[in-house]
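Here is the structure we will look at, set down as structure tokens.
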Amino acid sequence: MIDSVQTHKHPSPTRGARVSARQKREWLDGYLLVTPAIVAFVLLVVYPMFSTIYLSLFDYGLTDARIRFVGLGNYIELTQDTIFWRSLRNNLTILVVSVIVQVGFGLILAALIDRGIRWGKGIARTLNFAPVVMSAVAVGILWQLIYDPTVGLANHFVRLLGLTPPSQGWLGDPNIVIYSILVVACWQYTGYVMIIILAGMQSVSQELYEAAEIDGATELRKFLHITLPSIRNVNIAVILITMIGAIKVFDLVYILTRGGPANASQVMGTYIYYNAFTVNQAGYASTISVVLLGFALALGFLQLRLSYRPREDA
Amino acid sequence: MRIRISTVLVHLLVGSYTLLVTLPILWMFLSSTKTMRELFTTPFALPSDPQWSNFLRAWESGISQYLANSLIVTSISVILIVLVSALAAYALARITFPGREFIYLLLIAGFAIPVHTVLVPLYRTLNGVNLINTHVGLILPYVAFGIPFSVLLLYAFFLEFPSEIEDAARIDGCTIWQMVLQIVMPLSMPALVSVTIFQAVFLWNEFSLALIVIRDDALRTIPLGLTKFQGQWSTNWTLMLASLSMATLPVLLLFVILQRHFIRSLVGFSK
Amino acid sequence: MIQHLARFAFILVLLLGVAACAAPASAPAATAPEQAPAITEKQTLDLWFNSDDLLNQYNEKIIAAFEAATPGIDIVYSPYPNEAYKTNLQVAIGSNDPPDIFFNWSGDDTGRFVREGHLLDLTPYAEQFGWYDQLSPAMLAAFTINDKLYGAPYSQEAKYFYYHIDMFEEMGLSVPTNFDELLGICRSVSATGMPALAFGNQERWEGVHYLTIFNQKMAGEETIALDYSLSNPADVLFTDPGYVGAFERLLAMQEAGCFGDAINSTTPDAALIQFVNKVTPMYYQGTWIMGSLKENGLEGKYGMFRMPPMTDAAAKGNQNFVLAGPIGLEISSKTPYPDAAAKFLDFYVSQSSQQALLADVNRIPVRADAVDRDTASPGVIAVVDDLATAEGTALWLDVVLENSISEVYLNSIQEVLAGAKTPTEAVAAVREQALKVQANLAQ
């Protein structure tokens, strides 16, 4: 990642008035070049962000003319809103499990493919990565069918193994629904993590492994003492990406359950949508948005700070 | 060649895991050609009488329209993103104008902003200028949200870009626009391709913004179209699976062909 | 220098040009319409519908016929899946570009649009086209608020138990005459290993239909009218024990084996498939499925009965009520072509259209002259006759209640069925939300 704002300086010829004018022209060019990007970005991303913070102080409905200042009233209501706390808990559950499963499995899989497989490396990579390019909508609808109590693959599979499927349905049981959703998320994104880690592993110098081999190290030891430390930065990056994805999740939950049954699988993203568009509480939705923004920005800055560390490349 | 047991085991392990992961996708394609009854009774078997008509029906019921819409929205958005981001990234990397650092940090911060936190104000803004339910109303936010990532990626690339070429061009009397558009960009193809692929895949599959901006059936992109089918054919699972297959096939095929580029662009994201 | 500025300006103009070419596929409706444009100009109207394969085909046929009969008016048809329809409509109605004509339920679904000024007053059109003489007065009344008509009803929907005649015969069952007998049927059927009723509550409204009729039968129609309209004082609102009783009846059905497993994750359409394939002998559903039943070859093979009366003293409501409600078409107050839109509505409720509605889709028309007793399906005749004998109708709970309160009901039913909430807790949650809304409206 980028270590600091660098630039490659042009050799400046002389001091004096000529440099100033020229530099000013350069600066103007610079401004012109960045203007389209900045204008679009500020108008449609930054300004709405401040708008959201502002709107969170109002009781406001998108489809009627109602707009009433309530100050911190929405925030107070938020602290007592069991559905909000449920959604926050769900986000955190998704975060923890995603990191453990996606990064854990991804790591193991990458290690096996990198050093354990001799035939079929390419195919294994391709097939495991394929779910990543599918849209969340397609994945969601597909898995809804898979989880269907009447005709779904899941129940069929479970019965083949001699177990009984959940009586309320994979997506209908409030106790397991978030885990059913996690299965889908991990199915889709473990391959993504795997690929990134694999790329990182492939830049580890072969000589290190050969030296260790001469010393009689087992594969496991090589993995723990050579591979893992070398890809430390990649691992950190991947964990952060997974965490950010877990906080932002919307599409998959919306398609699979809409946040149901009875708000059991609500996450902050879907709860925002529900408040803004289904029950016409756009002000309250903005309040939840501010909380989500807080989490997202915190994780974003964490990612930024961690990428400032000096690299430990060999 | 001695084949060790552990090697066989590892291959088996990875192989069966990979098969498990691929199973849902296989099931999706397989079941699209089955009849409903076959779906109920023999989910894993091959179809005995492939119903290719399912694909035709899905195509006629709107997939063709949705594909066209997705193509329009995605390509225009990606072109704009790449253009605008390349210009900005070049400026950030090469020109030390005041305010550079601030812009850089602004982009990094903006990168973390999730779309859902600004859904309400975005909707209001777009509604206010009557861009709701138009493709332009979707393209503009797509471009805006795609800028941070693209600028940061291209910025990192331009930092490493050898300056000798630019110095030579400067001596020859190039203006900055000629420099950027005619010299630097063509030589930055790998980075541009990476950004293009990443954004194209992301926008092709984008759902949340499309959900609130697009309303008319004729303007729907593929993800929205799929949800419409979901409601319309909620009992005709094989037809639904056929439309899912048709919707995912283009991206999957493209992925298989351009694997290396895909992976490189998505991996670059983590750096 | 000038060169860059020129290039830059060019790019800006290009982008603005693209933005200016924003061409919505719907009629321009940015400001309130002033006069109707000249007749020679092509008038394009959006029509939004809650979609269903059969109804879509019918609608497209009607639209084609209308466009042929009235050149100069184009209808752009947008069907939506049922579940998201309400949300989509609500958001669109409040925007700067609402749909011109759209499907809607009565009750508060229409009421709140009227309160917010989104609907066109149809009274003058109704008088002009003669709807008051042609269409059922009860249906028109459902869409009338403050003596003004806001919707053109085109069908009546009611909820019945459907049962396979042959399965009943095989199992020696007969139509129940009261609620306890219904529970008895459930017990007999579930003893054979199959659930008695198909029940798909994933979209939550199937559950709320049970509660609708139970509320009416238990708490009584006067009480619920006051509570649903939030007219009762705060200390009385939703305190009638009948509400808890209604939930208890639902649980009683569950305990008697009326329902199968995974009801909260079964879609209504999956439940229909179960019934059609005889996985269950009964199905409690609206009359809108009669078209599908006919398509699946079940004409004449099924019987129907209402939710049976409750015989115990705790049931205070009139037991001769039926769960029913009309559906209709409404026009946005912002449409630039009100006359054209009203013409379409008139065409939609004309005798020929209504006859086709009955013949093609097996739905119940709202005009007596559209029902031909010789050719109509026996199921529809049975419903029409039965509705004539009812002393009143209970309107679907999620239509008559304010949106956020009905959300609480919809969710609570899922929770009660899953065992996550008790009936008392569920009603307490409803009361809490109702009080909140009542307080908000008072401001």
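Residues in the structure tokens are named by chain (A, B, ... in the order shown) and by number from 1 within that chain; ligands are numbered from 1 in the order shown.
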
Taking only C-alpha atoms into account, find every residue of chain B that has an atom no more than 7 Å from chain C, and write it out as a CSV table (one decimal) with all heavy atoms, in the first residue's frame.
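Saved the output as selection_33.csv:
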chain,number,residue,atom,x,y,z
B,127,ASN,N,-33.9,12.7,-7.0
B,127,ASN,CA,-35.3,13.0,-7.2
B,127,ASN,C,-35.5,14.5,-7.5
B,127,ASN,O,-36.3,14.8,-8.4
B,127,ASN,CB,-36.1,12.7,-5.9
B,127,ASN,CG,-37.6,12.6,-6.1
B,127,ASN,OD1,-38.0,12.4,-7.2
B,127,ASN,ND2,-38.3,12.8,-5.1
B,130,ASN,N,-34.9,15.2,-11.0
B,130,ASN,CA,-35.6,14.3,-11.9
B,130,ASN,C,-34.8,13.3,-12.6
B,130,ASN,O,-35.0,13.0,-13.7
B,130,ASN,CB,-36.4,15.2,-13.0
B,130,ASN,CG,-37.6,15.8,-12.4
B,130,ASN,OD1,-38.2,15.3,-11.5
B,130,ASN,ND2,-38.0,16.9,-13.0
B,131,LEU,N,-33.8,12.8,-11.9
B,131,LEU,CA,-33.0,11.7,-12.5
B,131,LEU,C,-33.4,10.4,-11.9
B,131,LEU,O,-32.8,9.4,-12.3
B,131,LEU,CB,-31.5,12.0,-12.2
B,131,LEU,CG,-30.9,13.1,-13.1
B,131,LEU,CD1,-29.4,13.2,-12.7
B,131,LEU,CD2,-31.0,12.7,-14.6
B,133,ASN,N,-35.2,7.0,-11.9
B,133,ASN,CA,-35.8,6.2,-13.0
B,133,ASN,C,-35.2,6.6,-14.3
B,133,ASN,O,-35.9,6.5,-15.4
B,133,ASN,CB,-37.3,6.4,-13.0
B,133,ASN,CG,-38.0,5.3,-13.6
B,133,ASN,OD1,-37.5,4.1,-13.6
B,133,ASN,ND2,-39.2,5.5,-14.2
B,134,THR,N,-34.0,7.0,-14.3
B,134,THR,CA,-33.2,7.1,-15.6
B,134,THR,C,-31.9,6.4,-15.5
B,134,THR,O,-31.4,6.2,-14.4
B,134,THR,CB,-32.9,8.6,-15.9
B,134,THR,OG1,-32.1,9.1,-14.8
B,134,THR,CG2,-34.2,9.4,-15.9
B,136,VAL,N,-29.1,7.7,-16.5
B,136,VAL,CA,-28.1,8.7,-16.0
B,136,VAL,C,-28.1,8.8,-14.5
B,136,VAL,O,-27.0,8.9,-13.9
B,136,VAL,CB,-28.4,10.1,-16.7
B,136,VAL,CG1,-27.5,11.1,-16.1
B,136,VAL,CG2,-28.3,10.0,-18.2
B,177,TRP,N,-2.1,17.8,-21.5
B,177,TRP,CA,-3.2,17.0,-21.9
B,177,TRP,C,-2.7,15.9,-22.9
B,177,TRP,O,-3.1,14.8,-22.9
B,177,TRP,CB,-4.3,17.8,-22.6
B,177,TRP,CG,-5.0,18.7,-21.5
B,177,TRP,CD1,-4.6,19.9,-21.1
B,177,TRP,CD2,-6.1,18.3,-20.7
B,177,TRP,NE1,-5.4,20.3,-20.1
B,177,TRP,CE2,-6.3,19.3,-19.8
B,177,TRP,CE3,-6.9,17.2,-20.7
B,177,TRP,CZ2,-7.4,19.3,-18.9
B,177,TRP,CZ3,-7.9,17.1,-19.8
B,177,TRP,CH2,-8.2,18.2,-18.9
B,216,ASP,N,-38.9,1.7,-13.8
B,216,ASP,CA,-39.5,1.1,-15.0
B,216,ASP,C,-38.9,-0.2,-15.3
B,216,ASP,O,-37.7,-0.4,-15.3
B,216,ASP,CB,-39.4,2.1,-16.2
B,216,ASP,CG,-40.4,3.2,-16.1
B,216,ASP,OD1,-41.2,3.1,-15.2
B,216,ASP,OD2,-40.4,4.0,-17.0
B,217,ASP,N,-39.8,-1.1,-15.7
B,217,ASP,CA,-39.3,-2.4,-16.1
B,217,ASP,C,-38.3,-2.4,-17.3
B,217,ASP,O,-37.3,-3.1,-17.4
B,217,ASP,CB,-40.5,-3.3,-16.5
B,217,ASP,CG,-40.1,-4.8,-16.6
B,217,ASP,OD1,-39.4,-5.3,-15.7
B,217,ASP,OD2,-40.4,-5.4,-17.7
B,228,LYS,N,-37.3,-9.4,-10.2
B,228,LYS,CA,-38.7,-9.4,-10.8
B,228,LYS,C,-39.1,-10.9,-11.2
B,228,LYS,O,-40.2,-11.3,-10.9
B,228,LYS,CB,-38.7,-8.5,-12.0
B,228,LYS,CG,-40.1,-8.5,-12.6
B,228,LYS,CD,-40.1,-7.9,-14.0
B,228,LYS,CE,-40.8,-8.9,-14.9
B,228,LYS,NZ,-40.6,-8.5,-16.3
B,231,GLY,N,-40.2,-12.9,-8.2
B,231,GLY,CA,-41.6,-12.8,-7.8
B,231,GLY,C,-42.5,-13.4,-8.8
B,231,GLY,O,-43.5,-14.0,-8.5
B,232,GLN,N,-42.2,-13.2,-10.1
B,232,GLN,CA,-43.1,-13.7,-11.1
B,232,GLN,C,-43.2,-15.2,-11.3
B,232,GLN,O,-44.2,-15.7,-11.5
B,232,GLN,CB,-42.7,-13.0,-12.4
B,232,GLN,CG,-43.6,-13.2,-13.6
B,232,GLN,CD,-43.0,-12.6,-14.8
B,232,GLN,OE1,-42.2,-11.6,-14.7
B,232,GLN,NE2,-43.4,-13.0,-16.0
B,234,SER,N,-42.2,-17.5,-8.9
B,234,SER,CA,-41.8,-18.1,-7.7
B,234,SER,C,-42.3,-19.6,-7.6
B,234,SER,O,-41.8,-20.3,-6.7
B,234,SER,CB,-42.4,-17.3,-6.5
B,234,SER,OG,-43.8,-17.2,-6.7
B,235,THR,N,-43.2,-20.0,-8.5
B,235,THR,CA,-43.5,-21.4,-8.5
B,235,THR,C,-42.8,-22.2,-9.6
B,235,THR,O,-42.6,-23.4,-9.5
B,235,THR,CB,-45.0,-21.7,-8.6
B,235,THR,OG1,-45.4,-20.9,-9.7
B,235,THR,CG2,-45.7,-21.3,-7.4

Excluding Leu9 (chain B) and any residue of its chain fewer than 5 positions from it, enumerate the residues within 12 Å of it, using only C-alpha atoms, and give them as an mmCIF file with N, CA and C atoms, in the first residue's frame.
data_model
loop_
_atom_site.group_PDB
_atom_site.id
_atom_site.type_symbol
_atom_site.label_atom_id
_atom_site.label_comp_id
_atom_site.auth_asym_id
_atom_site.auth_seq_id
_atom_site.Cartn_x
_atom_site.Cartn_y
_atom_site.Cartn_z
ATOM 1 N N LEU A 112 -2.630 -25.247 0.776
ATOM 2 C CA LEU A 112 -2.697 -26.560 0.133
ATOM 3 C C LEU A 112 -2.479 -26.451 -1.366
ATOM 4 N N GLY A 116 0.828 -27.962 -1.833
ATOM 5 C CA GLY A 116 0.449 -29.370 -1.689
ATOM 6 C C GLY A 116 -0.015 -30.006 -2.980
ATOM 7 N N ILE A 117 -0.451 -29.167 -3.903
ATOM 8 C CA ILE A 117 -1.065 -29.706 -5.111
ATOM 9 C C ILE A 117 -0.065 -29.671 -6.248
ATOM 10 N N ILE B 3 4.511 -41.742 -5.471
ATOM 11 C CA ILE B 3 3.363 -40.919 -5.067
ATOM 12 C C ILE B 3 3.066 -41.191 -3.605
ATOM 13 N N ARG B 4 3.242 -40.159 -2.802
ATOM 14 C CA ARG B 4 3.035 -40.361 -1.376
ATOM 15 C C ARG B 4 1.562 -40.313 -1.016
ATOM 16 N N VAL B 14 -8.568 -31.247 -1.352
ATOM 17 C CA VAL B 14 -8.834 -30.035 -2.129
ATOM 18 C C VAL B 14 -9.875 -30.309 -3.200
ATOM 19 N N GLY B 15 -9.746 -31.494 -3.815
ATOM 20 C CA GLY B 15 -10.697 -31.836 -4.863
ATOM 21 C C GLY B 15 -12.125 -31.906 -4.367
ATOM 22 N N SER B 16 -12.332 -32.570 -3.235
ATOM 23 C CA SER B 16 -13.711 -32.676 -2.759
ATOM 24 C C SER B 16 -14.232 -31.337 -2.261
#

Inset, instruction - Excluding Tyr123 (chain B) and any residue of its chain fewer than 3 positions from it, enumerate the residues within 8 Å of it, using only C-alpha atoms, and give them as JSON, numbers by chain. - result: {"B": [119, 120, 126, 127, 132, 212, 213]}

Now that the selection is made, can you save its residues with N, CA and C atoms as a compact mmCIF listing (two decimals), in the first residue's frame?
# COMPACT_ATOMS: atom_id res chain seq x y z
N LEU B 119 -28.03 6.57 1.17
CA LEU B 119 -29.15 6.27 0.30
C LEU B 119 -30.20 7.39 0.33
N VAL B 120 -30.55 7.82 1.53
CA VAL B 120 -31.63 8.79 1.65
C VAL B 120 -31.28 10.12 0.97
N LEU B 126 -31.24 13.03 -6.33
CA LEU B 126 -31.58 12.56 -7.66
C LEU B 126 -33.04 12.86 -7.99
N ASN B 127 -33.89 12.73 -6.98
CA ASN B 127 -35.29 13.03 -7.18
C ASN B 127 -35.48 14.49 -7.51
N ILE B 132 -34.37 10.32 -11.07
CA ILE B 132 -34.84 9.02 -10.62
C ILE B 132 -35.46 8.31 -11.82
N ILE B 212 -33.04 1.52 -5.72
CA ILE B 212 -33.79 2.73 -5.40
C ILE B 212 -33.89 3.69 -6.57
N VAL B 213 -33.02 3.56 -7.57
CA VAL B 213 -33.08 4.53 -8.68
C VAL B 213 -34.00 4.06 -9.80

Legend entry - Selection near region 59-75 of chain B, 10 Å with only C-alpha atoms, sequence-local residues under 3 positions removed, as a ChimeraX atom specification: /B:53-56,78-81,135-136,138-140,142-143,196,199-206,217-226,228-229,242-244,246-247,250

Legend entry - Contact residues around Gly260 (chain A) with only C-alpha atoms at 10 Å, ignoring same-chain residues under 4 positions, as a ChimeraX atom specification: /A:171-174,177-178,253-254,256,264-266 /C:202-204,264-265,411,414

Since we have the selection now, will you write its residues out, keeping all heavy atoms, as a short mmCIF file (atom, residue, chain, number, x, y, z; two decimals), in the first residue's frame?
data_model
loop_
_atom_site.label_atom_id
_atom_site.label_comp_id
_atom_site.auth_asym_id
_atom_site.auth_seq_id
_atom_site.Cartn_x
_atom_site.Cartn_y
_atom_site.Cartn_z
N LEU A 171 -34.10 -20.74 6.60
CA LEU A 171 -34.23 -19.29 6.66
C LEU A 171 -35.42 -18.86 7.48
O LEU A 171 -35.76 -17.68 7.53
CB LEU A 171 -34.35 -18.72 5.23
CG LEU A 171 -33.14 -18.97 4.34
CD1 LEU A 171 -33.43 -18.51 2.92
CD2 LEU A 171 -31.92 -18.23 4.88
N GLY A 172 -36.09 -19.81 8.10
CA GLY A 172 -37.28 -19.46 8.86
C GLY A 172 -37.09 -19.56 10.36
O GLY A 172 -37.91 -19.09 11.14
N ASP A 173 -35.99 -20.17 10.75
CA ASP A 173 -35.74 -20.35 12.18
C ASP A 173 -34.92 -19.17 12.69
O ASP A 173 -33.77 -19.01 12.29
CB ASP A 173 -34.98 -21.67 12.39
CG ASP A 173 -34.77 -21.99 13.85
OD1 ASP A 173 -34.73 -21.05 14.68
OD2 ASP A 173 -34.64 -23.18 14.18
N PRO A 174 -35.47 -18.36 13.56
CA PRO A 174 -34.74 -17.16 13.97
C PRO A 174 -33.40 -17.45 14.64
O PRO A 174 -32.52 -16.60 14.65
CB PRO A 174 -35.68 -16.47 14.97
CG PRO A 174 -36.88 -17.30 15.09
CD PRO A 174 -36.80 -18.46 14.19
N VAL A 177 -30.97 -18.55 11.36
CA VAL A 177 -31.02 -17.87 10.07
C VAL A 177 -29.74 -17.11 9.76
O VAL A 177 -29.25 -17.13 8.63
CB VAL A 177 -32.27 -16.95 9.97
CG1 VAL A 177 -32.23 -15.87 11.03
CG2 VAL A 177 -32.41 -16.36 8.61
N ILE A 178 -29.15 -16.47 10.75
CA ILE A 178 -27.94 -15.69 10.47
C ILE A 178 -26.79 -16.62 10.07
O ILE A 178 -25.93 -16.25 9.25
CB ILE A 178 -27.57 -14.79 11.69
CG1 ILE A 178 -26.67 -13.66 11.24
CG2 ILE A 178 -26.88 -15.55 12.79
CD1 ILE A 178 -27.37 -12.60 10.46
N VAL A 253 -28.33 -10.30 2.41
CA VAL A 253 -29.35 -10.42 3.44
C VAL A 253 -30.70 -9.99 2.89
O VAL A 253 -31.71 -10.64 3.11
CB VAL A 253 -29.00 -9.56 4.68
CG1 VAL A 253 -30.10 -9.62 5.71
CG2 VAL A 253 -27.69 -10.02 5.28
N TYR A 254 -30.71 -8.92 2.13
CA TYR A 254 -31.96 -8.43 1.58
C TYR A 254 -32.61 -9.48 0.71
O TYR A 254 -33.80 -9.75 0.81
CB TYR A 254 -31.71 -7.16 0.76
CG TYR A 254 -32.95 -6.57 0.16
CD1 TYR A 254 -33.79 -5.77 0.90
CD2 TYR A 254 -33.28 -6.83 -1.17
CE1 TYR A 254 -34.95 -5.23 0.35
CE2 TYR A 254 -34.43 -6.30 -1.73
CZ TYR A 254 -35.26 -5.49 -0.97
OH TYR A 254 -36.39 -4.97 -1.52
N LEU A 256 -32.00 -12.81 0.58
CA LEU A 256 -32.31 -14.08 1.23
C LEU A 256 -33.49 -13.97 2.18
O LEU A 256 -34.36 -14.83 2.19
CB LEU A 256 -31.08 -14.59 2.00
CG LEU A 256 -30.02 -15.28 1.16
CD1 LEU A 256 -28.79 -15.57 2.00
CD2 LEU A 256 -30.56 -16.58 0.58
N ALA A 264 -35.11 -11.12 12.65
CA ALA A 264 -34.06 -11.93 13.27
C ALA A 264 -32.74 -11.82 12.53
O ALA A 264 -31.68 -11.98 13.12
CB ALA A 264 -34.50 -13.40 13.33
N SER A 265 -32.78 -11.55 11.23
CA SER A 265 -31.53 -11.48 10.48
C SER A 265 -31.26 -10.06 9.99
O SER A 265 -30.51 -9.85 9.06
CB SER A 265 -31.57 -12.43 9.29
OG SER A 265 -32.54 -12.00 8.37
N GLN A 266 -31.86 -9.10 10.63
CA GLN A 266 -31.68 -7.71 10.23
C GLN A 266 -30.21 -7.33 10.45
O GLN A 266 -29.62 -7.67 11.47
CB GLN A 266 -32.60 -6.85 11.12
CG GLN A 266 -33.01 -5.52 10.57
CD GLN A 266 -33.94 -5.57 9.39
OE1 GLN A 266 -33.49 -5.56 8.26
NE2 GLN A 266 -35.24 -5.60 9.64
N GLN C 202 -43.84 -17.04 4.57
CA GLN C 202 -42.56 -16.35 4.44
C GLN C 202 -42.72 -14.86 4.17
O GLN C 202 -41.95 -14.05 4.64
CB GLN C 202 -41.76 -16.99 3.31
CG GLN C 202 -40.30 -16.64 3.41
CD GLN C 202 -39.63 -16.62 2.06
OE1 GLN C 202 -40.15 -16.12 1.09
NE2 GLN C 202 -38.46 -17.21 2.00
N GLU C 203 -43.78 -14.50 3.42
CA GLU C 203 -43.98 -13.07 3.16
C GLU C 203 -44.85 -12.43 4.23
O GLU C 203 -45.19 -11.26 4.12
CB GLU C 203 -44.61 -12.89 1.78
CG GLU C 203 -43.67 -13.29 0.66
CD GLU C 203 -44.30 -13.18 -0.72
OE1 GLU C 203 -45.39 -12.59 -0.83
OE2 GLU C 203 -43.71 -13.69 -1.68
N ARG C 204 -45.22 -13.17 5.21
CA ARG C 204 -45.88 -12.74 6.44
C ARG C 204 -47.37 -12.45 6.31
O ARG C 204 -48.06 -12.37 7.32
CB ARG C 204 -45.18 -11.52 7.05
CG ARG C 204 -43.69 -11.74 7.32
CD ARG C 204 -43.02 -10.48 7.81
NE ARG C 204 -43.19 -9.38 6.87
CZ ARG C 204 -42.92 -8.11 7.14
NH1 ARG C 204 -42.50 -7.76 8.33
NH2 ARG C 204 -43.10 -7.18 6.23
N ASN C 264 -42.68 -20.42 8.31
CA ASN C 264 -42.14 -19.07 8.13
C ASN C 264 -41.12 -18.99 7.01
O ASN C 264 -40.66 -17.91 6.67
CB ASN C 264 -41.50 -18.57 9.44
CG ASN C 264 -42.55 -18.12 10.43
OD1 ASN C 264 -43.64 -17.72 10.04
ND2 ASN C 264 -42.22 -18.19 11.70
N SER C 265 -40.72 -20.14 6.47
CA SER C 265 -39.79 -20.06 5.35
C SER C 265 -40.36 -20.70 4.10
O SER C 265 -39.65 -20.95 3.15
CB SER C 265 -38.45 -20.69 5.71
OG SER C 265 -38.64 -22.02 6.12
N ASN C 411 -44.71 -9.13 11.91
CA ASN C 411 -43.56 -9.77 12.53
C ASN C 411 -43.96 -10.59 13.75
O ASN C 411 -43.45 -11.70 13.95
CB ASN C 411 -42.53 -8.72 12.95
CG ASN C 411 -41.79 -8.15 11.76
OD1 ASN C 411 -41.63 -8.81 10.76
ND2 ASN C 411 -41.34 -6.91 11.89
N GLN C 414 -45.18 -14.08 13.02
CA GLN C 414 -44.09 -15.02 12.75
C GLN C 414 -43.44 -15.48 14.04
O GLN C 414 -43.10 -16.65 14.21
CB GLN C 414 -43.03 -14.37 11.85
CG GLN C 414 -43.35 -14.45 10.38
CD GLN C 414 -42.17 -14.12 9.50
OE1 GLN C 414 -41.31 -13.34 9.88
NE2 GLN C 414 -42.13 -14.70 8.33
#

Inset, instruction - Show which residues sit within 9 Å of region 268-277 of chain A, as number ranges by chain. Count only C-alpha atoms, and ignore same-chain residues fewer than 5 positions away. - result: A: 61-63, 83-84, 87-88, 90-91, 247-251, 253-254, 258-259, 263, 282-289, 291-292; B: 114, 116-117, 119-120; C: 87-88, 90-91

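The coordinates place CA of Ile113 (chain B) at 8.0 Å from CA of Met49 (chain A).
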
Legend entry - Test item, strand (DSSP E or B) assignment across region 325-408 of chain C, answer as an MDAnalysis selection string: chainID C and resid 325:332 364 392:394

Inset, instruction - Write out as JSON, numbers by chain all residues of region 2-60 of chain B that DSSP puts in helix (DSSP H, G or I) for this structure's backbone. - result: {"B": [5, 6, 7, 8, 9, 10, 11, 12, 13, 14, 15, 16, 17, 18, 19, 20, 21, 22, 23, 24, 25, 26, 27, 28, 29, 30, 31, 32, 36, 37, 38, 39, 40, 41, 53, 54, 55, 56, 57, 58, 59, 60]}

Inset, instruction - Just give me the gap between CA of Thr227 (chain B) and CA of Val184 (chain A) in Å, one decimal is fine. - result: 17.8 Å
